[in-house]
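Just target02.cif here, mmCIF, C-alpha atoms, pLDDT in the B column; chains and numbers go by the auth columns:
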data_structure
#
loop_
_atom_site.group_PDB
_atom_site.id
_atom_site.type_symbol
_atom_site.label_atom_id
_atom_site.label_comp_id
_atom_site.label_asym_id
_atom_site.label_seq_id
_atom_site.Cartn_x
_atom_site.Cartn_y
_atom_site.Cartn_z
_atom_site.B_iso_or_equiv
_atom_site.auth_seq_id
_atom_site.auth_asym_id
ATOM 1 C CA MET A 1 -4.406 21.094 -0.545 79.00 44 A
ATOM 2 C CA SER A 2 -1.077 19.276 -0.259 87.00 45 A
ATOM 3 C CA ASN A 3 1.238 18.919 -3.257 93.00 46 A
ATOM 4 C CA TYR A 4 0.919 15.220 -4.027 96.00 47 A
ATOM 5 C CA THR A 5 2.868 15.372 -7.301 96.00 48 A
ATOM 6 C CA GLN A 6 6.070 14.673 -5.353 95.00 49 A
ATOM 7 C CA LEU A 7 4.809 11.106 -4.862 97.00 50 A
ATOM 8 C CA GLU A 8 4.763 10.380 -8.591 97.00 51 A
ATOM 9 C CA PRO A 9 5.221 8.045 -10.349 97.00 52 A
ATOM 10 C CA HIS A 10 5.184 5.589 -7.449 97.00 53 A
ATOM 11 C CA VAL A 11 1.899 6.757 -5.921 98.00 54 A
ATOM 12 C CA LEU A 12 -0.724 8.716 -7.850 98.00 55 A
ATOM 13 C CA VAL A 13 -3.290 10.891 -6.078 98.00 56 A
ATOM 14 C CA GLU A 14 -6.646 12.057 -7.389 97.00 57 A
ATOM 15 C CA SER A 15 -9.200 14.225 -5.629 97.00 58 A
ATOM 16 C CA HIS A 16 -12.908 13.481 -5.534 97.00 59 A
ATOM 17 C CA ASP A 17 -14.285 16.443 -3.621 97.00 60 A
ATOM 18 C CA SER A 18 -12.796 15.954 -0.135 98.00 61 A
ATOM 19 C CA VAL A 19 -11.715 12.334 -0.728 98.00 62 A
ATOM 20 C CA ARG A 20 -8.131 11.686 -1.826 98.00 63 A
ATOM 21 C CA VAL A 21 -7.571 8.502 -3.839 98.00 64 A
ATOM 22 C CA LEU A 22 -4.050 7.051 -3.580 98.00 65 A
ATOM 23 C CA THR A 23 -3.118 4.517 -6.235 98.00 66 A
ATOM 24 C CA LEU A 24 -0.045 2.314 -5.935 98.00 67 A
ATOM 25 C CA ASN A 25 1.364 2.717 -9.407 98.00 68 A
ATOM 26 C CA ALA A 26 3.560 -0.166 -10.486 97.00 69 A
ATOM 27 C CA PRO A 27 1.111 -2.427 -12.332 97.00 70 A
ATOM 28 C CA ASP A 28 3.868 -4.117 -14.356 96.00 71 A
ATOM 29 C CA ARG A 29 5.138 -5.716 -11.131 94.00 72 A
ATOM 30 C CA TYR A 30 1.719 -5.985 -9.457 96.00 73 A
ATOM 31 C CA ASN A 31 2.438 -2.948 -7.278 97.00 74 A
ATOM 32 C CA SER A 32 5.154 -4.711 -5.333 94.00 75 A
ATOM 33 C CA VAL A 33 6.822 -2.235 -3.002 92.00 76 A
ATOM 34 C CA ASP A 34 10.423 -1.230 -3.619 88.00 77 A
ATOM 35 C CA ASP A 35 12.394 1.398 -1.719 88.00 78 A
ATOM 36 C CA ASP A 36 11.055 4.279 -3.831 92.00 79 A
ATOM 37 C CA MET A 37 7.419 3.305 -3.277 94.00 80 A
ATOM 38 C CA HIS A 38 8.110 2.777 0.413 91.00 81 A
ATOM 39 C CA GLN A 39 9.397 6.333 0.726 94.00 82 A
ATOM 40 C CA ALA A 40 6.487 7.703 -1.306 96.00 83 A
ATOM 41 C CA LEU A 41 3.975 5.998 0.980 96.00 84 A
ATOM 42 C CA ILE A 42 5.620 7.390 4.106 95.00 85 A
ATOM 43 C CA THR A 43 5.398 10.865 2.601 96.00 86 A
ATOM 44 C CA ALA A 44 1.811 10.249 1.476 97.00 87 A
ATOM 45 C CA TRP A 45 0.523 9.785 5.023 94.00 88 A
ATOM 46 C CA ARG A 46 2.201 13.017 6.089 93.00 89 A
ATOM 47 C CA LEU A 47 0.723 14.911 3.134 96.00 90 A
ATOM 48 C CA LEU A 48 -2.740 13.588 3.961 96.00 91 A
ATOM 49 C CA GLU A 49 -2.351 14.830 7.531 91.00 92 A
ATOM 50 C CA ALA A 50 -1.386 18.281 6.271 93.00 93 A
ATOM 51 C CA ASP A 51 -4.200 18.480 3.684 96.00 94 A
ATOM 52 C CA GLU A 52 -6.769 20.764 5.284 94.00 95 A
ATOM 53 C CA ASP A 53 -9.249 20.145 2.463 96.00 96 A
ATOM 54 C CA ALA A 54 -9.186 16.359 2.794 97.00 97 A
ATOM 55 C CA GLY A 55 -11.859 14.515 4.745 98.00 98 A
ATOM 56 C CA ALA A 56 -10.937 10.917 3.921 98.00 99 A
ATOM 57 C CA ALA A 57 -8.720 8.817 1.689 98.00 100 A
ATOM 58 C CA VAL A 58 -8.993 5.672 -0.417 98.00 101 A
ATOM 59 C CA ILE A 59 -5.956 3.522 -1.202 98.00 102 A
ATOM 60 C CA THR A 60 -5.943 1.040 -4.075 98.00 103 A
ATOM 61 C CA GLY A 61 -3.652 -0.528 -6.667 98.00 104 A
ATOM 62 C CA ALA A 62 -3.236 0.066 -10.386 98.00 105 A
ATOM 63 C CA GLY A 63 -3.983 -2.884 -12.639 97.00 106 A
ATOM 64 C CA SER A 64 -4.957 -6.315 -11.383 97.00 107 A
ATOM 65 C CA ALA A 65 -3.387 -6.289 -7.905 98.00 108 A
ATOM 66 C CA PHE A 66 -3.618 -4.222 -4.761 98.00 109 A
ATOM 67 C CA SER A 67 0.007 -5.009 -3.929 98.00 110 A
ATOM 68 C CA ALA A 68 2.076 -8.164 -4.360 95.00 111 A
ATOM 69 C CA GLY A 69 4.219 -7.215 -1.360 91.00 112 A
ATOM 70 C CA GLY A 70 7.967 -6.731 -1.322 84.00 113 A
ATOM 71 C CA ASP A 71 9.721 -6.429 -4.660 79.00 114 A
ATOM 72 C CA MET A 72 11.962 -9.447 -5.357 82.00 115 A
ATOM 73 C CA THR A 73 14.648 -7.334 -7.010 84.00 116 A
ATOM 74 C CA HIS A 74 14.782 -5.173 -3.907 82.00 117 A
ATOM 75 C CA LEU A 75 14.878 -8.278 -1.709 84.00 118 A
ATOM 76 C CA ARG A 76 17.957 -9.499 -3.581 85.00 119 A
ATOM 77 C CA LYS A 77 19.617 -6.113 -3.019 88.00 120 A
ATOM 78 C CA VAL A 78 18.885 -5.999 0.718 86.00 121 A
ATOM 79 C CA HIS A 79 20.234 -9.527 1.102 87.00 122 A
ATOM 80 C CA ASP A 80 23.627 -8.383 -0.142 88.00 123 A
ATOM 81 C CA ASP A 81 23.700 -4.833 1.244 91.00 124 A
ATOM 82 C CA PRO A 82 23.579 -4.365 5.053 91.00 125 A
ATOM 83 C CA VAL A 83 23.223 -0.571 4.739 93.00 126 A
ATOM 84 C CA LEU A 84 20.206 -0.908 2.447 90.00 127 A
ATOM 85 C CA ARG A 85 18.846 -3.616 4.751 90.00 128 A
ATOM 86 C CA ARG A 86 18.940 -1.289 7.749 92.00 129 A
ATOM 87 C CA ARG A 87 17.352 1.512 5.726 91.00 130 A
ATOM 88 C CA THR A 88 14.585 -0.805 4.540 91.00 131 A
ATOM 89 C CA ILE A 89 13.790 -1.900 8.088 93.00 132 A
ATOM 90 C CA ARG A 90 13.737 1.689 9.322 93.00 133 A
ATOM 91 C CA SER A 91 11.468 2.650 6.425 92.00 134 A
ATOM 92 C CA ALA A 92 9.102 -0.194 7.336 93.00 135 A
ATOM 93 C CA GLU A 93 8.788 1.113 10.879 95.00 136 A
ATOM 94 C CA ARG A 94 8.236 4.687 9.704 95.00 137 A
ATOM 95 C CA LEU A 95 5.539 3.550 7.271 95.00 138 A
ATOM 96 C CA ILE A 96 3.623 1.627 9.938 95.00 139 A
ATOM 97 C CA ARG A 97 3.842 4.418 12.476 95.00 140 A
ATOM 98 C CA ALA A 98 2.915 7.102 9.936 95.00 141 A
ATOM 99 C CA ALA A 99 -0.184 5.161 8.868 95.00 142 A
ATOM 100 C CA ILE A 100 -1.311 4.513 12.450 96.00 143 A
ATOM 101 C CA SER A 101 -0.737 8.178 13.364 95.00 144 A
ATOM 102 C CA CYS A 102 -2.671 9.550 10.374 95.00 145 A
ATOM 103 C CA GLU A 103 -5.923 11.043 11.701 95.00 146 A
ATOM 104 C CA LEU A 104 -7.648 11.022 8.315 96.00 147 A
ATOM 105 C CA PRO A 105 -9.968 8.012 7.891 98.00 148 A
ATOM 106 C CA VAL A 106 -8.749 5.654 5.159 98.00 149 A
ATOM 107 C CA VAL A 107 -10.571 3.039 3.086 98.00 150 A
ATOM 108 C CA ALA A 108 -8.629 0.249 1.369 98.00 151 A
ATOM 109 C CA ALA A 109 -10.060 -0.748 -2.013 98.00 152 A
ATOM 110 C CA VAL A 110 -8.529 -4.210 -2.345 98.00 153 A
ATOM 111 C CA ASN A 111 -9.020 -4.770 -6.067 98.00 154 A
ATOM 112 C CA GLY A 112 -6.648 -7.734 -6.266 98.00 155 A
ATOM 113 C CA PRO A 113 -4.206 -9.725 -4.118 98.00 156 A
ATOM 114 C CA ALA A 114 -2.886 -7.893 -1.046 98.00 157 A
ATOM 115 C CA VAL A 115 0.260 -9.769 -0.079 97.00 158 A
ATOM 116 C CA GLY A 116 2.918 -9.125 2.575 95.00 159 A
ATOM 117 C CA VAL A 117 3.348 -5.380 2.944 94.00 160 A
ATOM 118 C CA GLY A 118 0.259 -5.082 0.727 96.00 161 A
ATOM 119 C CA ALA A 119 -1.723 -6.873 3.420 97.00 162 A
ATOM 120 C CA THR A 120 -0.215 -4.530 5.997 96.00 163 A
ATOM 121 C CA LEU A 121 -1.289 -1.483 3.984 97.00 164 A
ATOM 122 C CA ALA A 122 -4.826 -2.833 3.790 97.00 165 A
ATOM 123 C CA LEU A 123 -4.994 -3.629 7.510 96.00 166 A
ATOM 124 C CA LEU A 124 -3.574 -0.232 8.477 96.00 167 A
ATOM 125 C CA SER A 125 -6.648 1.285 6.821 98.00 168 A
ATOM 126 C CA ASP A 126 -9.848 1.937 8.771 98.00 169 A
ATOM 127 C CA LEU A 127 -12.264 0.177 6.433 98.00 170 A
ATOM 128 C CA VAL A 128 -11.529 -2.538 3.864 98.00 171 A
ATOM 129 C CA VAL A 129 -13.519 -3.264 0.704 98.00 172 A
ATOM 130 C CA ILE A 130 -12.303 -6.419 -1.036 98.00 173 A
ATOM 131 C CA ALA A 131 -13.161 -8.035 -4.369 98.00 174 A
ATOM 132 C CA ASP A 132 -14.915 -11.368 -3.958 98.00 175 A
ATOM 133 C CA ASP A 133 -12.402 -13.172 -6.182 98.00 176 A
ATOM 134 C CA THR A 134 -9.203 -12.155 -4.410 98.00 177 A
ATOM 135 C CA TYR A 135 -7.371 -12.645 -1.118 98.00 178 A
ATOM 136 C CA ILE A 136 -5.090 -11.233 1.572 98.00 179 A
ATOM 137 C CA SER A 137 -1.980 -13.074 2.704 97.00 180 A
ATOM 138 C CA ASP A 138 1.296 -12.562 4.528 96.00 181 A
ATOM 139 C CA PRO A 139 3.763 -15.195 3.269 94.00 182 A
ATOM 140 C CA HIS A 140 6.858 -13.695 4.893 94.00 183 A
ATOM 141 C CA VAL A 141 7.702 -16.939 6.691 95.00 184 A
ATOM 142 C CA SER A 142 7.310 -19.031 3.548 93.00 185 A
ATOM 143 C CA VAL A 143 9.737 -16.684 1.772 89.00 186 A
ATOM 144 C CA GLY A 144 12.249 -17.094 4.608 92.00 187 A
ATOM 145 C CA VAL A 145 11.637 -13.707 6.225 94.00 188 A
ATOM 146 C CA VAL A 146 10.262 -12.925 9.687 95.00 189 A
ATOM 147 C CA ALA A 147 6.781 -11.363 9.497 95.00 190 A
ATOM 148 C CA GLY A 148 7.998 -8.203 11.176 92.00 191 A
ATOM 149 C CA ASP A 149 6.642 -5.298 9.127 90.00 192 A
ATOM 150 C CA GLY A 150 3.035 -5.577 10.216 90.00 193 A
ATOM 151 C CA GLY A 151 2.005 -9.223 10.382 93.00 194 A
ATOM 152 C CA ALA A 152 3.122 -10.119 13.890 95.00 195 A
ATOM 153 C CA SER A 153 1.890 -6.785 15.246 93.00 196 A
ATOM 154 C CA LEU A 154 -1.400 -6.315 13.405 94.00 197 A
ATOM 155 C CA TRP A 155 -2.967 -9.700 12.656 96.00 198 A
ATOM 156 C CA PRO A 156 -3.606 -10.706 16.318 95.00 199 A
ATOM 157 C CA SER A 157 -5.414 -7.387 16.761 94.00 200 A
ATOM 158 C CA TYR A 158 -8.051 -8.438 14.205 94.00 201 A
ATOM 159 C CA MET A 159 -8.549 -12.148 14.973 95.00 202 A
ATOM 160 C CA SER A 160 -7.749 -14.823 17.532 95.00 203 A
ATOM 161 C CA MET A 161 -4.093 -15.552 18.202 97.00 204 A
ATOM 162 C CA MET A 162 -4.595 -19.119 16.957 97.00 205 A
ATOM 163 C CA ARG A 163 -5.913 -17.953 13.586 97.00 206 A
ATOM 164 C CA ALA A 164 -3.187 -15.316 13.298 97.00 207 A
ATOM 165 C CA LYS A 165 -0.539 -17.972 13.959 97.00 208 A
ATOM 166 C CA GLU A 166 -2.069 -20.302 11.384 97.00 209 A
ATOM 167 C CA HIS A 167 -2.070 -17.719 8.601 97.00 210 A
ATOM 168 C CA LEU A 168 1.306 -16.158 9.413 97.00 211 A
ATOM 169 C CA LEU A 169 3.258 -19.341 10.157 97.00 212 A
ATOM 170 C CA LEU A 170 1.881 -21.182 7.125 97.00 213 A
ATOM 171 C CA GLY A 171 1.638 -18.149 4.820 96.00 214 A
ATOM 172 C CA THR A 172 -1.861 -19.157 3.757 97.00 215 A
ATOM 173 C CA ARG A 173 -4.181 -17.094 1.596 97.00 216 A
ATOM 174 C CA VAL A 174 -7.248 -15.654 3.302 98.00 217 A
ATOM 175 C CA SER A 175 -10.128 -15.572 0.833 98.00 218 A
ATOM 176 C CA ALA A 176 -12.401 -12.550 0.630 98.00 219 A
ATOM 177 C CA GLU A 177 -15.220 -14.386 2.407 98.00 220 A
ATOM 178 C CA GLU A 178 -12.895 -15.541 5.176 97.00 221 A
ATOM 179 C CA CYS A 179 -11.558 -11.979 5.477 97.00 222 A
ATOM 180 C CA LEU A 180 -15.126 -10.883 6.191 97.00 223 A
ATOM 181 C CA LEU A 181 -15.629 -13.629 8.785 96.00 224 A
ATOM 182 C CA LEU A 182 -12.302 -12.954 10.531 95.00 225 A
ATOM 183 C CA GLY A 183 -12.739 -9.180 10.586 93.00 226 A
ATOM 184 C CA LEU A 184 -10.101 -8.312 7.993 96.00 227 A
ATOM 185 C CA ALA A 185 -12.698 -6.746 5.678 98.00 228 A
ATOM 186 C CA ASN A 186 -15.907 -4.729 5.970 98.00 229 A
ATOM 187 C CA ARG A 187 -17.372 -5.358 2.514 98.00 230 A
ATOM 188 C CA VAL A 188 -16.995 -8.128 -0.051 98.00 231 A
ATOM 189 C CA VAL A 189 -18.195 -7.017 -3.479 98.00 232 A
ATOM 190 C CA PRO A 190 -17.772 -7.967 -7.155 98.00 233 A
ATOM 191 C CA PRO A 191 -14.469 -6.723 -8.632 98.00 234 A
ATOM 192 C CA SER A 192 -16.245 -4.105 -10.747 98.00 235 A
ATOM 193 C CA GLU A 193 -17.734 -2.507 -7.621 98.00 236 A
ATOM 194 C CA VAL A 194 -14.681 -2.329 -5.353 98.00 237 A
ATOM 195 C CA TYR A 195 -13.600 1.172 -6.286 98.00 238 A
ATOM 196 C CA THR A 196 -17.140 2.580 -6.326 98.00 239 A
ATOM 197 C CA VAL A 197 -18.060 1.157 -2.926 98.00 240 A
ATOM 198 C CA ALA A 198 -14.751 2.300 -1.402 98.00 241 A
ATOM 199 C CA LEU A 199 -15.233 5.807 -2.779 98.00 242 A
ATOM 200 C CA GLU A 200 -18.791 5.917 -1.424 98.00 243 A
ATOM 201 C CA LEU A 201 -17.543 4.891 2.020 98.00 244 A
ATOM 202 C CA GLY A 202 -14.795 7.500 1.766 98.00 245 A
ATOM 203 C CA ALA A 203 -17.378 10.171 0.998 98.00 246 A
ATOM 204 C CA ARG A 204 -19.492 9.087 3.957 98.00 247 A
ATOM 205 C CA LEU A 205 -16.465 9.251 6.248 98.00 248 A
ATOM 206 C CA ALA A 206 -15.529 12.668 4.881 98.00 249 A
ATOM 207 C CA SER A 207 -19.034 13.960 5.646 98.00 250 A
ATOM 208 C CA GLN A 208 -18.751 13.113 9.339 98.00 251 A
ATOM 209 C CA PRO A 209 -17.917 15.908 11.823 98.00 252 A
ATOM 210 C CA ARG A 210 -14.182 16.469 11.462 96.00 253 A
ATOM 211 C CA GLN A 211 -12.973 16.568 15.051 97.00 254 A
ATOM 212 C CA ALA A 212 -15.270 13.783 16.195 98.00 255 A
ATOM 213 C CA ILE A 213 -14.203 11.285 13.537 98.00 256 A
ATOM 214 C CA ARG A 214 -10.512 12.090 13.685 97.00 257 A
ATOM 215 C CA ASP A 215 -10.188 11.891 17.442 98.00 258 A
ATOM 216 C CA THR A 216 -12.313 8.749 17.573 98.00 259 A
ATOM 217 C CA LYS A 217 -9.905 7.189 15.069 98.00 260 A
ATOM 218 C CA ARG A 218 -6.978 8.340 17.199 97.00 261 A
ATOM 219 C CA ALA A 219 -8.537 6.733 20.267 97.00 262 A
ATOM 220 C CA LEU A 220 -9.242 3.472 18.430 97.00 263 A
ATOM 221 C CA ASN A 221 -5.741 3.375 16.965 97.00 264 A
ATOM 222 C CA LEU A 222 -4.243 3.528 20.449 97.00 265 A
ATOM 223 C CA HIS A 223 -4.984 -0.206 20.574 95.00 266 A
ATOM 224 C CA LEU A 224 -2.952 -0.757 17.401 95.00 267 A
ATOM 225 C CA ARG A 225 -0.229 1.596 18.567 95.00 268 A
ATOM 226 C CA GLN A 226 0.171 -0.371 21.799 96.00 269 A
ATOM 227 C CA ALA A 227 0.354 -3.654 19.883 95.00 270 A
ATOM 228 C CA VAL A 228 2.993 -2.197 17.564 95.00 271 A
ATOM 229 C CA ASP A 229 4.995 -0.717 20.440 95.00 272 A
ATOM 230 C CA ARG A 230 5.088 -4.101 22.189 95.00 273 A
ATOM 231 C CA THR A 231 6.316 -6.061 19.185 95.00 274 A
ATOM 232 C CA ILE A 232 7.888 -3.989 16.436 94.00 275 A
ATOM 233 C CA ASP A 233 11.424 -3.529 17.768 95.00 276 A
ATOM 234 C CA PHE A 234 12.067 -7.262 18.052 96.00 277 A
ATOM 235 C CA ALA A 235 9.995 -8.168 14.991 95.00 278 A
ATOM 236 C CA LEU A 236 11.787 -5.780 12.655 95.00 279 A
ATOM 237 C CA ALA A 237 15.230 -6.583 14.060 95.00 280 A
ATOM 238 C CA ALA A 238 14.520 -10.266 13.451 95.00 281 A
ATOM 239 C CA GLU A 239 13.167 -9.501 9.982 94.00 282 A
ATOM 240 C CA GLY A 240 16.322 -7.588 9.099 93.00 283 A
ATOM 241 C CA GLU A 241 18.470 -10.511 10.252 94.00 284 A
ATOM 242 C CA SER A 242 16.396 -12.998 8.249 93.00 285 A
ATOM 243 C CA MET A 243 16.740 -10.910 5.065 91.00 286 A
ATOM 244 C CA ALA A 244 20.430 -11.863 4.994 90.00 287 A
ATOM 245 C CA GLY A 245 19.696 -15.580 5.214 88.00 288 A
ATOM 246 C CA ASP A 246 20.122 -18.324 2.634 86.00 289 A
ATOM 247 C CA ASP A 247 16.387 -19.093 2.572 85.00 290 A
ATOM 248 C CA VAL A 248 15.663 -15.643 1.152 82.00 291 A
ATOM 249 C CA MET A 249 18.098 -16.067 -1.721 81.00 292 A
ATOM 250 C CA ALA A 250 16.671 -19.494 -2.504 83.00 293 A
ATOM 251 C CA THR A 251 13.234 -17.891 -2.794 80.00 294 A
ATOM 252 C CA VAL A 252 14.544 -15.086 -4.998 76.00 295 A
ATOM 253 C CA GLU A 253 16.249 -17.593 -7.283 80.00 296 A
ATOM 254 C CA ARG A 254 13.072 -19.670 -7.635 80.00 297 A
ATOM 255 C CA PHE A 255 11.053 -16.554 -8.404 70.00 298 A
ATOM 256 C CA THR A 256 13.601 -15.374 -10.964 64.00 299 A
ATOM 257 C CA ALA A 257 13.670 -18.779 -12.660 68.00 300 A
ATOM 258 C CA ARG A 258 9.871 -18.797 -13.003 69.00 301 A
ATOM 259 C CA ALA A 259 9.915 -15.273 -14.450 58.00 302 A
ATOM 260 C CA ARG A 260 12.361 -16.181 -17.241 57.00 303 A
#
Please, can you express the file's structure as structure tokens?
Amino acid sequence: MSNYTQLEPHVLVESHDSVRVLTLNAPDRYNSVDDDMHQALITAWRLLEADEDAGAAVITGAGSAFSAGGDMTHLRKVHDDPVLRRRTIRSAERLIRAAISCELPVVAAVNGPAVGVGATLALLSDLVVIADDTYISDPHVSVGVVAGDGGASLWPSYMSMMRAKEHLLLGTRVSAEECLLLGLANRVVPPSEVYTVALELGARLASQPRQAIRDTKRALNLHLRQAVDRTIDFALAAEGESMAGDDVMATVERFTARAR
């Protein structure tokens, strides 16, 4: 079994037989993803790949959210620091590619809002269980940032281009029921059942013949890999450029004022 303690405190890992449960662990900020959590998640996918005793994984969030997306404090820093901005963009690419390359089947237990990179983490999973009172959204554009780290690459793979454009360009929330209709989720359940249902699905995936399920996932993910390869270089370069814009700082200032 891999040594998952190196991911702490940003990502916690528990074992349930052959299922590994990854919990995004920043409930005080609704599991928004800063640089440290980004790095922990990249490492997490690699550790899962190397874990010979693991048959599947579940990813969820501590507290009331799955993930609120990018951390506003971090966004302020990347606006002012071109070196950190480049590192953040490179980390985003590594995270997406590591998740797509991971052969272990993954279930997202979306216990609360999955926003921005949180939505990307959910959609990079193989199955999604979502609470009936929550939503998925990618409001990058509304924040003033190009939807480069997942949205532009992944959303058209799950729904029509028209619907993907609507949700990404307007930054709208996709309710749990609409997620089911669009193909962004496999199960919609009461909040109290999200974790249990996700863990049950993880156990079922882990019980499948190892080589058959892993190589079938690899084959299926070739579609996602091709979509990412076609779009990610431009999308992330444009996202990095937009992070230095005035619109981003205006958003950060509004958010900070509301938090006071």
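Candidate residues A:Ala293, A:Leu267, A:His183, A:Gln251 were compared for distance to Tyr201 of chain A, and the nearest is A:Leu267, using all atoms listed in the file.
Of the residues under consideration (A:Ile179, A:Val149, A:Ala99, A:Leu167), A:Ala99 shows the shortest atom-to-atom contact distance to Pro252 of chain A when counting all atoms listed in the file.
Once Pro182 of chain A and its same-chain neighbours fewer than 4 positions away are set aside, Gly159, Val186, Leu211, Gly214 and Thr215 of chain A remain within 7 Å of it when counting only C-alpha atoms.
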task: For the structure shown, which residues end up in the PyMOL selection byres ((chain A and resi 163) around 8)? Put them as a ChimeraX atom specification, please?
output: /A:159-162,164-167,192-194,197
task: Compile the contact shell of segment 78-82 of chain A as a list in words: residues with an atom at most 9 Å away, counting all atoms listed in the file, same-chain residues fewer than 6 positions apart removed.
output: Leu50, Pro52, His53, Val54, Leu67, Asn68, Ala69, Asp114, His117, Arg130, Thr131, Ser134, Ala135 and Leu138 of chain A
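Between atom CA of Arg261 of chain A and atom CA of Met205 of chain A there is a distance of 27.6 Å.
Here the question is which of A:Asp289, A:Gly283, A:Gln254, A:Ser61 gets nearest to Val126 of chain A using only C-alpha atoms, and that residue is A:Gly283.
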